[in-house]
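Structure file run.pdb with PDB, C-alpha atoms:
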```
MODEL        1
ATOM      1  CA  MET A  15     173.228  40.566 195.839
ATOM      2  CA  GLU A  16     176.528  41.552 197.474
ATOM      3  CA  CYS A  17     176.755  41.974 201.245
ATOM      4  CA  ILE A  18     177.900  45.504 202.157
ATOM      5  CA  LYS A  19     179.883  44.161 205.128
ATOM      6  CA  CYS A  20     181.816  41.134 203.883
ATOM      7  CA  GLY A  21     181.205  41.238 200.131
ATOM      8  CA  LYS A  22     179.745  37.738 199.875
ATOM      9  CA  GLU A  23     177.210  37.254 197.075
ATOM     10  CA  SER A  24     173.768  35.935 198.066
ATOM     11  CA  THR A  25     170.972  34.789 195.805
ATOM     12  CA  LYS A  26     167.321  35.471 196.623
ATOM     13  CA  LYS A  27     167.044  31.844 197.737
ATOM     14  CA  ASP A  28     170.084  32.227 200.014
ATOM     15  CA  ARG A  29     168.560  35.334 201.587
ATOM     16  CA  GLY A  30     165.298  33.508 202.175
ATOM     17  CA  VAL A  31     167.003  30.566 203.880
ATOM     18  CA  SER A  32     169.116  32.834 206.131
ATOM     19  CA  GLY A  33     166.209  35.040 207.201
ATOM     20  CA  GLY A  34     167.192  38.029 205.092
ATOM     21  CA  ARG A  35     170.776  38.041 206.359
ATOM     22  CA  CYS A  36     174.183  37.294 204.894
ATOM     23  CA  SER A  37     175.014  33.637 205.547
ATOM     24  CA  ALA A  38     178.666  34.536 206.171
ATOM     25  CA  CYS A  39     178.558  37.561 208.504
ATOM     26  CA  TYR A  40     174.834  37.805 209.379
ATOM     27  CA  GLN A  41     174.581  41.391 208.097
ATOM     28  CA  ALA A  42     170.905  42.173 207.477
ATOM     29  CA  PHE A  43     169.850  42.886 203.897
ATOM     30  CA  VAL A  44     167.495  45.849 203.538
ATOM     31  CA  SER A  45     166.549  45.995 199.863
ATOM     32  CA  GLU A  46     165.297  43.381 197.442
ATOM     33  CA  PRO A  47     166.199  44.175 193.818
ATOM     34  CA  THR A  48     162.963  42.801 192.372
ATOM     35  CA  GLU A  49     160.878  44.824 194.838
ATOM     36  CA  HIS A  50     162.905  48.025 195.179
ATOM     37  CA  GLY A  51     164.997  48.192 192.001
ATOM     38  CA  LEU A  52     168.126  48.671 194.111
ATOM     39  CA  THR A  53     170.713  46.574 195.899
ATOM     40  CA  ASP A  54     172.147  47.326 199.339
ATOM     41  CA  MET A  55     175.496  48.058 197.728
ATOM     42  CA  ALA A  56     173.882  50.610 195.392
ATOM     43  CA  ILE A  57     172.396  52.419 198.397
ATOM     44  CA  LYS A  58     175.731  52.342 200.225
ATOM     45  CA  LEU A  59     177.555  53.769 197.202
ATOM     46  CA  ALA A  60     174.896  56.495 196.913
ATOM     47  CA  GLU A  61     175.529  57.404 200.566
ATOM     48  CA  GLU A  62     179.274  57.556 200.006
ATOM     49  CA  GLU A  63     178.845  59.859 197.028
ATOM     50  CA  LEU A  64     176.362  62.004 198.949
ATOM     51  CA  SER A  65     178.694  62.379 201.930
ATOM     52  CA  GLY A  66     181.735  63.081 199.798
ATOM     53  CA  HIS A  67     183.227  59.872 201.220
ATOM     54  CA  GLY A  68     182.692  60.935 204.822
ATOM     55  CA  ARG A  69     183.235  64.706 204.555
ATOM     56  CA  ILE A  70     179.691  66.072 204.383
ATOM     57  CA  TYR A  71     176.643  65.703 206.605
ATOM     58  CA  PHE A  72     173.433  64.743 204.825
ATOM     59  CA  SER A  73     169.800  64.208 205.793
ATOM     60  CA  LYS A  74     167.367  61.373 205.271
ATOM     61  CA  ASP A  75     165.686  63.403 202.520
ATOM     62  CA  SER A  76     169.084  63.944 200.873
ATOM     63  CA  LEU A  77     169.508  60.178 200.589
ATOM     64  CA  LYS A  78     165.983  59.705 199.246
ATOM     65  CA  TYR A  79     166.595  62.217 196.458
ATOM     66  CA  GLN A  80     170.040  60.782 195.718
ATOM     67  CA  LEU A  81     168.386  57.420 195.071
ATOM     68  CA  GLN A  82     165.594  59.069 193.106
ATOM     69  CA  ARG A  83     168.208  60.585 190.798
ATOM     70  CA  LEU A  84     169.381  57.062 189.973
ATOM     71  CA  PHE A  85     165.884  56.126 188.854
ATOM     72  CA  ILE A  86     165.418  59.398 186.951
ATOM     73  CA  LYS A  87     168.525  58.608 184.906
ATOM     74  CA  ARG A  88     167.178  55.125 184.164
ATOM     75  CA  ILE A  89     163.818  56.606 183.138
ATOM     76  CA  GLN A  90     165.629  58.958 180.774
ATOM     77  CA  TRP A  91     167.332  55.979 179.152
ATOM     78  CA  CYS A  92     163.930  54.311 178.847
ATOM     79  CA  ASN A  93     162.616  57.393 177.040
ATOM     80  CA  ILE A  94     165.564  57.300 174.649
ATOM     81  CA  GLY A  95     165.071  53.591 174.016
ATOM     82  CA  MET A  96     161.352  54.065 173.405
ATOM     83  CA  SER A  97     162.035  56.871 170.913
ATOM     84  CA  VAL A  98     164.513  54.714 168.982
ATOM     85  CA  LEU A  99     162.094  51.782 168.906
ATOM     86  CA  LEU A 100     159.270  54.046 167.713
ATOM     87  CA  ILE A 101     161.411  55.337 164.849
ATOM     88  CA  ILE A 102     162.279  51.773 163.874
ATOM     89  CA  ALA A 103     158.629  50.703 164.129
ATOM     90  CA  VAL A 104     157.493  53.580 161.883
ATOM     91  CA  GLY A 105     160.168  52.754 159.305
ATOM     92  CA  LEU A 106     159.174  49.106 159.289
ATOM     93  CA  SER A 107     155.496  50.063 158.974
ATOM     94  CA  VAL A 108     156.289  51.974 155.803
ATOM     95  CA  MET A 109     158.197  48.970 154.449
ATOM     96  CA  ALA A 110     155.284  46.692 155.391
ATOM     97  CA  VAL A 111     152.844  48.876 153.443
ATOM     98  CA  LEU A 112     155.122  48.943 150.412
ATOM     99  CA  ASN A 113     156.325  45.338 150.422
ATOM    100  CA  GLY A 114     154.084  43.375 152.798
ATOM    101  CA  GLY A 115     155.045  39.805 153.666
ATOM    102  CA  PHE A 116     158.049  39.522 155.965
ATOM    103  CA  PHE A 117     157.950  43.234 156.946
ATOM    104  CA  VAL A 118     154.438  42.857 158.395
ATOM    105  CA  LYS A 119     155.649  40.315 160.963
ATOM    106  CA  ILE A 120     158.719  42.382 161.819
ATOM    107  CA  THR A 121     156.530  45.486 162.236
ATOM    108  CA  LEU A 122     154.268  43.677 164.676
ATOM    109  CA  ILE A 123     157.273  42.507 166.704
ATOM    110  CA  SER A 124     158.830  45.989 166.768
ATOM    111  CA  GLY A 125     155.498  47.465 167.856
ATOM    112  CA  ALA A 126     155.377  45.047 170.767
ATOM    113  CA  LEU A 127     158.962  45.913 171.730
ATOM    114  CA  VAL A 128     157.965  49.584 172.111
ATOM    115  CA  LEU A 129     155.924  48.511 175.139
ATOM    116  CA  VAL A 130     158.984  47.133 176.952
ATOM    117  CA  PRO A 131     160.475  50.530 177.936
ATOM    118  CA  LEU A 132     156.989  51.625 179.031
ATOM    119  CA  VAL A 133     156.715  48.689 181.431
ATOM    120  CA  ILE A 134     160.233  49.234 182.774
ATOM    121  CA  LYS A 135     159.531  52.962 183.202
ATOM    122  CA  ALA A 136     156.357  52.199 185.149
ATOM    123  CA  ASN A 137     158.355  49.924 187.474
ATOM    124  CA  TYR A 138     160.920  52.677 188.109
ATOM    125  CA  LYS A 139     158.129  55.084 189.039
ATOM    126  CA  LYS A 140     156.759  52.487 191.448
ATOM    127  CA  PHE A 141     160.216  52.102 192.998
ATOM    128  CA  ILE A 142     160.444  55.891 193.463
ATOM    129  CA  SER A 143     157.120  55.913 195.306
ATOM    130  CA  GLN A 144     158.554  53.370 197.781
ATOM    131  CA  LEU A 145     161.734  55.278 198.604
ATOM    132  CA  ASP A 146     160.487  56.876 201.838
ATOM    133  CA  VAL A 147     159.816  53.472 203.399
ATOM    134  CA  LEU A 148     163.037  51.976 202.030
ATOM    135  CA  VAL A 149     165.209  54.842 203.310
ATOM    136  CA  ASP A 150     163.609  54.687 206.774
ATOM    137  CA  LYS A 151     164.395  50.987 206.958
ATOM    138  CA  TRP A 152     167.912  51.500 205.617
ATOM    139  CA  ILE A 153     168.949  54.126 208.170
ATOM    140  CA  SER A 154     167.529  52.061 211.033
ATOM    141  CA  VAL A 155     169.719  49.108 210.003
ATOM    142  CA  ASN A 156     172.742  50.953 208.581
ATOM    143  CA  PRO A 157     173.034  54.433 210.194
ATOM    144  CA  HIS A 158     175.771  56.370 208.374
ATOM    145  CA  GLU A 159     178.261  58.382 210.420
ATOM    146  CA  LYS A 160     177.351  61.492 208.412
ATOM    147  CA  LEU A 161     173.594  61.072 208.590
ATOM    148  CA  LEU A 162     172.555  64.227 210.426
ATOM    149  CA  THR A 163     170.827  63.891 213.799
ATOM    150  CA  ALA A 164     170.245  66.454 216.566
ATOM    151  CA  GLU A 165     173.255  65.105 218.490
ATOM    152  CA  LYS A 166     175.526  65.181 215.452
ATOM    153  CA  TYR A 167     174.332  68.723 214.656
ATOM    154  CA  GLN A 168     175.593  69.963 218.029
ATOM    155  CA  ALA A 169     178.824  67.972 217.781
ATOM    156  CA  SER A 170     179.560  69.143 214.229
ATOM    157  CA  LEU A 171     179.720  72.791 215.292
ATOM    158  CA  GLY A 172     182.384  72.162 217.934
ATOM    159  CA  GLY A 173     183.675  75.410 219.362
ATOM    160  CA  ARG A 174     182.291  77.401 216.434
ATOM    161  CA  THR A 175     178.690  77.455 217.647
ATOM    162  CA  PRO A 176     176.089  79.964 216.450
ATOM    163  CA  THR A 177     176.279  81.530 219.921
ATOM    164  CA  ASN A 178     179.677  83.027 219.093
ATOM    165  CA  LEU A 179     177.930  85.925 217.421
ATOM    166  CA  ASP A 180     180.730  88.458 217.628
ATOM    167  CA  GLU A 181     182.931  86.345 215.364
ATOM    168  CA  MET A 182     180.819  87.197 212.303
ATOM    169  CA  ALA A 183     179.768  90.454 210.687
ATOM    170  CA  PHE A 184     176.071  91.175 210.324
ATOM    171  CA  LYS A 185     176.109  92.073 206.640
ATOM    172  CA  GLN A 186     174.125  89.220 205.120
ATOM    173  CA  VAL A 187     171.788  86.437 206.098
ATOM    174  CA  LEU A 188     170.320  83.367 204.418
ATOM    175  CA  ILE A 189     166.801  82.695 205.716
ATOM    176  CA  CYS A 190     165.506  79.217 204.926
ATOM    177  CA  GLU A 191     161.914  78.060 204.984
ATOM    178  CA  ARG A 192     162.819  74.782 206.683
ATOM    179  CA  SER A 193     164.742  74.349 209.936
ATOM    180  CA  GLU A 194     166.131  71.080 208.523
ATOM    181  CA  THR A 195     167.879  73.052 205.779
ATOM    182  CA  VAL A 196     169.426  75.370 208.369
ATOM    183  CA  ALA A 197     170.701  72.432 210.439
ATOM    184  CA  LEU A 198     172.240  70.866 207.333
ATOM    185  CA  LEU A 199     173.991  74.092 206.295
ATOM    186  CA  LEU A 200     175.264  74.894 209.782
ATOM    187  CA  SER A 201     176.507  71.342 210.346
ATOM    188  CA  ASN A 202     178.560  71.624 207.180
ATOM    189  CA  LEU A 203     179.819  75.041 208.367
ATOM    190  CA  PHE A 204     178.258  76.990 205.507
ATOM    191  CA  HIS A 205     178.133  80.107 207.732
ATOM    192  CA  ILE A 206     181.891  79.894 208.272
ATOM    193  CA  HIS A 207     182.844  79.191 204.658
ATOM    194  CA  TYR A 208     180.660  81.929 203.179
ATOM    195  CA  GLY A 209     180.511  84.451 206.047
ATOM    196  CA  CYS A 210     176.736  84.415 206.058
ATOM    197  CA  HIS A 211     174.334  83.944 208.959
ATOM    198  CA  VAL A 212     171.772  81.186 208.444
ATOM    199  CA  LEU A 213     168.309  81.313 210.046
ATOM    200  CA  SER A 214     164.981  79.630 209.463
ATOM    201  CA  GLY A 215     161.527  81.117 209.217
ATOM    202  CA  GLN A 216     160.633  78.849 212.139
ATOM    203  CA  SER A 217     162.853  80.756 214.639
ATOM    204  CA  TYR A 218     165.691  78.263 214.362
ATOM    205  CA  PRO A 219     168.365  77.883 215.687
ATOM    206  CA  GLY A 220     166.733  78.429 219.040
ATOM    207  CA  GLY A 221     168.347  80.753 221.541
ATOM    208  CA  VAL A 222     170.236  82.854 218.999
ATOM    209  CA  ASN A 223     167.714  83.425 216.211
ATOM    210  CA  ALA A 224     166.178  86.527 217.802
ATOM    211  CA  GLU A 225     169.560  88.019 218.731
ATOM    212  CA  ILE A 226     171.000  87.500 215.244
ATOM    213  CA  LEU A 227     167.880  88.944 213.623
ATOM    214  CA  SER A 228     167.952  91.971 215.915
ATOM    215  CA  ARG A 229     171.556  92.768 215.011
ATOM    216  CA  LEU A 230     170.905  92.248 211.305
ATOM    217  CA  LYS A 231     167.967  94.663 211.357
ATOM    218  CA  GLN A 232     170.223  97.348 212.815
ATOM    219  CA  ASN A 233     172.260  97.316 209.591
ATOM    220  CA  PRO A 234     170.389  99.256 206.850
ATOM    221  CA  SER A 235     172.672  97.804 204.163
ATOM    222  CA  VAL A 236     172.128  94.169 205.151
ATOM    223  CA  LYS A 237     171.501  91.704 202.337
ATOM    224  CA  VAL A 238     168.741  89.158 202.888
ATOM    225  CA  PHE A 239     168.664  85.923 200.861
ATOM    226  CA  LEU A 240     165.649  83.606 200.890
ATOM    227  CA  LEU A 241     165.700  79.851 200.235
ATOM    228  CA  HIS A 242     162.530  77.778 200.090
ATOM    229  CA  ASP A 243     160.596  74.961 198.470
ATOM    230  CA  TYR A 244     158.637  75.430 195.273
ATOM    231  CA  SER A 245     155.245  75.163 196.933
ATOM    232  CA  PRO A 246     152.393  77.306 198.245
ATOM    233  CA  ALA A 247     154.024  77.182 201.689
ATOM    234  CA  GLY A 248     157.308  78.356 200.172
ATOM    235  CA  HIS A 249     155.666  81.317 198.510
ATOM    236  CA  ALA A 250     153.849  82.198 201.759
ATOM    237  CA  PHE A 251     157.225  82.094 203.536
ATOM    238  CA  VAL A 252     158.655  84.688 201.132
ATOM    239  CA  ARG A 253     155.675  87.013 201.670
ATOM    240  CA  ARG A 254     156.001  86.680 205.452
ATOM    241  CA  ILE A 255     159.700  87.571 205.528
ATOM    242  CA  LYS A 256     159.054  90.584 203.313
ATOM    243  CA  THR A 257     155.968  91.918 205.098
ATOM    244  CA  ASP A 258     156.006  90.720 208.721
ATOM    245  CA  ALA A 259     157.445  93.363 211.079
ATOM    246  CA  LYS A 260     159.004  90.520 213.103
ATOM    247  CA  TRP A 261     161.236  89.961 210.104
ATOM    248  CA  PHE A 262     161.906  92.727 207.574
ATOM    249  CA  GLY A 263     158.438  94.128 206.978
ATOM    250  CA  GLY A 264     158.520  97.924 206.752
ATOM    251  CA  GLN A 265     162.290  98.012 206.228
ATOM    252  CA  ARG A 266     164.027  98.925 203.013
ATOM    253  CA  VAL A 267     166.634  96.224 202.686
ATOM    254  CA  GLU A 268     168.047  94.387 199.700
ATOM    255  CA  MET A 269     166.199  91.074 199.534
ATOM    256  CA  ILE A 270     167.010  88.370 196.986
ATOM    257  CA  ASP A 271     164.815  85.312 196.495
ATOM    258  CA  LEU A 272     167.224  82.490 195.597
ATOM    259  CA  GLY A 273     164.346  80.090 194.884
ATOM    260  CA  LEU A 274     162.779  77.687 194.268
ATOM    261  CA  ASN A 275     160.261  79.352 191.966
ATOM    262  CA  ALA A 276     158.186  78.397 188.921
ATOM    263  CA  HIS A 277     160.562  79.999 186.401
ATOM    264  CA  GLN A 278     163.480  77.931 187.797
ATOM    265  CA  LYS A 279     162.130  74.522 186.797
ATOM    266  CA  LYS A 280     165.304  73.720 184.902
ATOM    267  CA  LEU A 281     166.932  73.392 188.342
ATOM    268  CA  PHE A 282     164.621  70.587 189.445
ATOM    269  CA  ASN A 283     163.357  69.043 186.220
ATOM    270  CA  GLY A 284     162.127  65.511 186.833
ATOM    271  CA  MET A 285     162.326  65.859 190.628
ATOM    272  CA  THR A 286     158.925  67.401 191.308
ATOM    273  CA  ASN A 287     156.138  65.928 193.408
ATOM    274  CA  LYS A 288     152.695  65.892 191.820
ATOM    275  CA  GLN A 289     149.454  65.651 193.766
ATOM    276  CA  LEU A 290     145.860  66.828 193.632
ATOM    277  CA  ASP A 291     144.942  69.913 195.660
ATOM    278  CA  ARG A 292     141.603  70.491 197.420
ATOM    279  CA  ASN A 293     140.093  71.616 194.103
ATOM    280  CA  LYS A 294     141.159  68.372 192.394
ATOM    281  CA  LYS A 295     143.759  70.205 190.330
ATOM    282  CA  MET A 296     147.180  68.690 189.790
ATOM    283  CA  LYS A 297     149.866  70.729 191.564
ATOM    284  CA  GLU A 298     153.625  70.447 191.217
ATOM    285  CA  THR A 299     155.955  71.050 194.150
ATOM    286  CA  ALA A 300     159.693  70.628 194.638
ATOM    287  CA  GLU A 301     161.714  70.481 197.844
ATOM    288  CA  ILE A 302     165.034  72.218 198.388
ATOM    289  CA  ALA A 303     166.259  68.847 199.735
ATOM    290  CA  LEU A 304     166.387  67.556 196.151
ATOM    291  CA  PHE A 305     169.872  69.077 195.893
ATOM    292  CA  SER A 306     172.696  67.123 197.471
ATOM    293  CA  PRO A 307     174.187  69.059 200.437
ATOM    294  CA  GLU A 308     177.434  69.754 198.584
ATOM    295  CA  VAL A 309     175.677  71.059 195.486
ATOM    296  CA  LEU A 310     173.245  73.116 197.579
ATOM    297  CA  MET A 311     176.089  74.782 199.483
ATOM    298  CA  LYS A 312     178.026  75.569 196.323
ATOM    299  CA  LYS A 313     174.964  76.951 194.556
ATOM    300  CA  CYS A 314     173.873  79.054 197.534
ATOM    301  CA  GLY A 315     177.411  80.253 198.186
ATOM    302  CA  ALA A 316     177.871  81.333 194.574
ATOM    303  CA  ALA A 317     174.408  82.949 194.459
ATOM    304  CA  ILE A 318     175.097  84.918 197.650
ATOM    305  CA  LYS A 319     178.502  86.025 196.360
ATOM    306  CA  GLU A 320     176.975  87.263 193.109
ATOM    307  CA  GLY A 321     173.743  88.514 194.673
ATOM    308  CA  VAL A 322     171.507  86.613 192.250
ATOM    309  CA  ALA A 323     168.912  83.814 192.283
ATOM    310  CA  LEU A 324     170.025  80.198 191.921
ATOM    311  CA  ASP A 325     169.187  80.030 188.223
ATOM    312  CA  LEU A 326     171.221  83.152 187.376
ATOM    313  CA  ILE A 327     174.605  82.062 188.755
ATOM    314  CA  SER A 328     177.408  82.793 186.280
ATOM    315  CA  THR A 329     180.210  81.363 188.420
ATOM    316  CA  ALA A 330     181.183  77.794 187.555
ATOM    317  CA  VAL A 331     179.446  75.525 190.067
ATOM    318  CA  ASP A 332     179.767  71.746 190.144
ATOM    319  CA  ALA A 333     176.324  70.319 189.325
ATOM    320  CA  GLU A 334     174.931  66.809 189.288
TER     321      GLU A 334
ENDMDL
END
```

Could you render the structure as structure tokens?
Amino acid sequence: MECIKCGKESTKKDRGVSGGRCSACYQAFVSEPTEHGLTDMAIKLAEEELSGHGRIYFSKDSLKYQLQRLFIKRIQWCNIGMSVLLIIAVGLSVMAVLNGGFFVKITLISGALVLVPLVIKANYKKFISQLDVLVDKWISVNPHEKLLTAEKYQASLGGRTPTNLDEMAFKQVLICERSETVALLLSNLFHIHYGCHVLSGQSYPGGVNAEILSRLKQNPSVKVFLLHDYSPAGHAFVRRIKTDAKWFGGQRVEMIDLGLNAHQKKLFNGMTNKQLDRNKKMKETAEIALFSPEVLMKKCGAAIKEGVALDLISTAVDAE
């Protein structure tokens, strides 16, 4: 495995002897390919892509999903390989029935080979389940300059803080279920680029949320865009914004639900979380953090410009 600091290659034995560090520069290794399915260099390259090579702030969840996308692509290749092997195995089975002999042995071998992609796929799923722990360890050892923290959030806004309310019109607002999404968008100056206020359903950002909301509610032609997870909590968030008098309940305003919703699964195919609910039924959820910050901003910006949900954008938007 290559050291991300000096580039020296280290075998598993070398890493064991040096206490999990590079023998040349003493940089700590975080991942172990056989245990995590990733190298440190692969994680670093994923961070660089995620940050647009140092241009864009990203969150811990952004990195987790960026790495998950790597495994999803590998799983897709496993599915393709398994399909090809199945076709070959079926063809050889027919030949074995017709001709016997040599084809019987080949059929048995091809049948066994079909299991290989299944085993590899199972390993990739195991690696995905370990990403939370791996990412936590990674950012503690290798904190990226664009990994968003509370301090970096304040610094990223500079003189263009949300408190400068008079600099923006009160014609449209993007209300997000999660405060973390708001911080990510504001840090990357989404509100400046797209001329749209950004608030969270959790009264964030503090100090200006109420003032911004008050001014928005004074405009009868204001456009309200909602952004949330595909989850029961996300759906409850939408109902609250629409019906709670603290928000826009009782007001006739144009309100557009950008997503994520059940009919938009093409947007997050393969990136859902599955777990049993209290009734022992399998439920699927998807987090808005599954989009990289750059893609999320472009999609939301285009959707707001067109006044449509995320899955109905007609403008060309760079996707992953």

> Quick one: which residues end up in the PyMOL selection byres ((chain A and resi 151) around 12) for this structure, as number ranges by chain?
Replying inline: A: 42-45, 54, 57, 74, 78, 144-150, 152-157

>> Please enumerate the residues selected by the PyMOL selection byres ((chain A and resi 282) around 12) when evaluated against the supplied file, formatted as a PyMOL selection string.
In response: chain A and resi 79+83+86+243-244+273-281+283-287+298-306+324-325+333-334

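Once the PyMOL selection byres ((chain A and resi 218) around 12) is applied to the depicted file, the selected set reads Pro176, Ile189, Cys190, Glu191, Arg192, Ser193, Glu194, Thr195, Val196, Ala197, Leu200, His211, Val212, Leu213, Ser214, Gly215, Gln216, Ser217, Pro219, Gly220, Gly221, Val222, Asn223, Ala224, Glu225, Ile226 and Leu227 of chain A.
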
> Separation of atom CA of Gln80 of chain A and atom CA of Leu188 of chain A, in Å?
Replying inline: 24.2 Å

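Proximity to Lys319 of chain A was assessed for A:Phe72, A:Tyr208, A:Phe85, A:Phe116 counting all atoms listed in the file; the smallest distance is recorded for A:Tyr208.
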
> So which residues touch Gln232 of chain A within 12 Å, counting only C-alpha atoms, skipping near sequence neighbours fewer than 5 positions away, as an MDAnalysis selection string?
Replying inline: chainID A and resid 183:186 225:227 237 261:262 265:267

> In terms of the shortest atom-to-atom distance over only C-alpha atoms, which of A:Leu290, A:Cys210, A:Leu161, A:Ala317 is closest to Tyr71 of chain A?
Replying inline: A:Leu161

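Rounded to one decimal, atom CA of Tyr138 of chain A and atom CA of Met296 of chain A lie 21.2 Å from each other.
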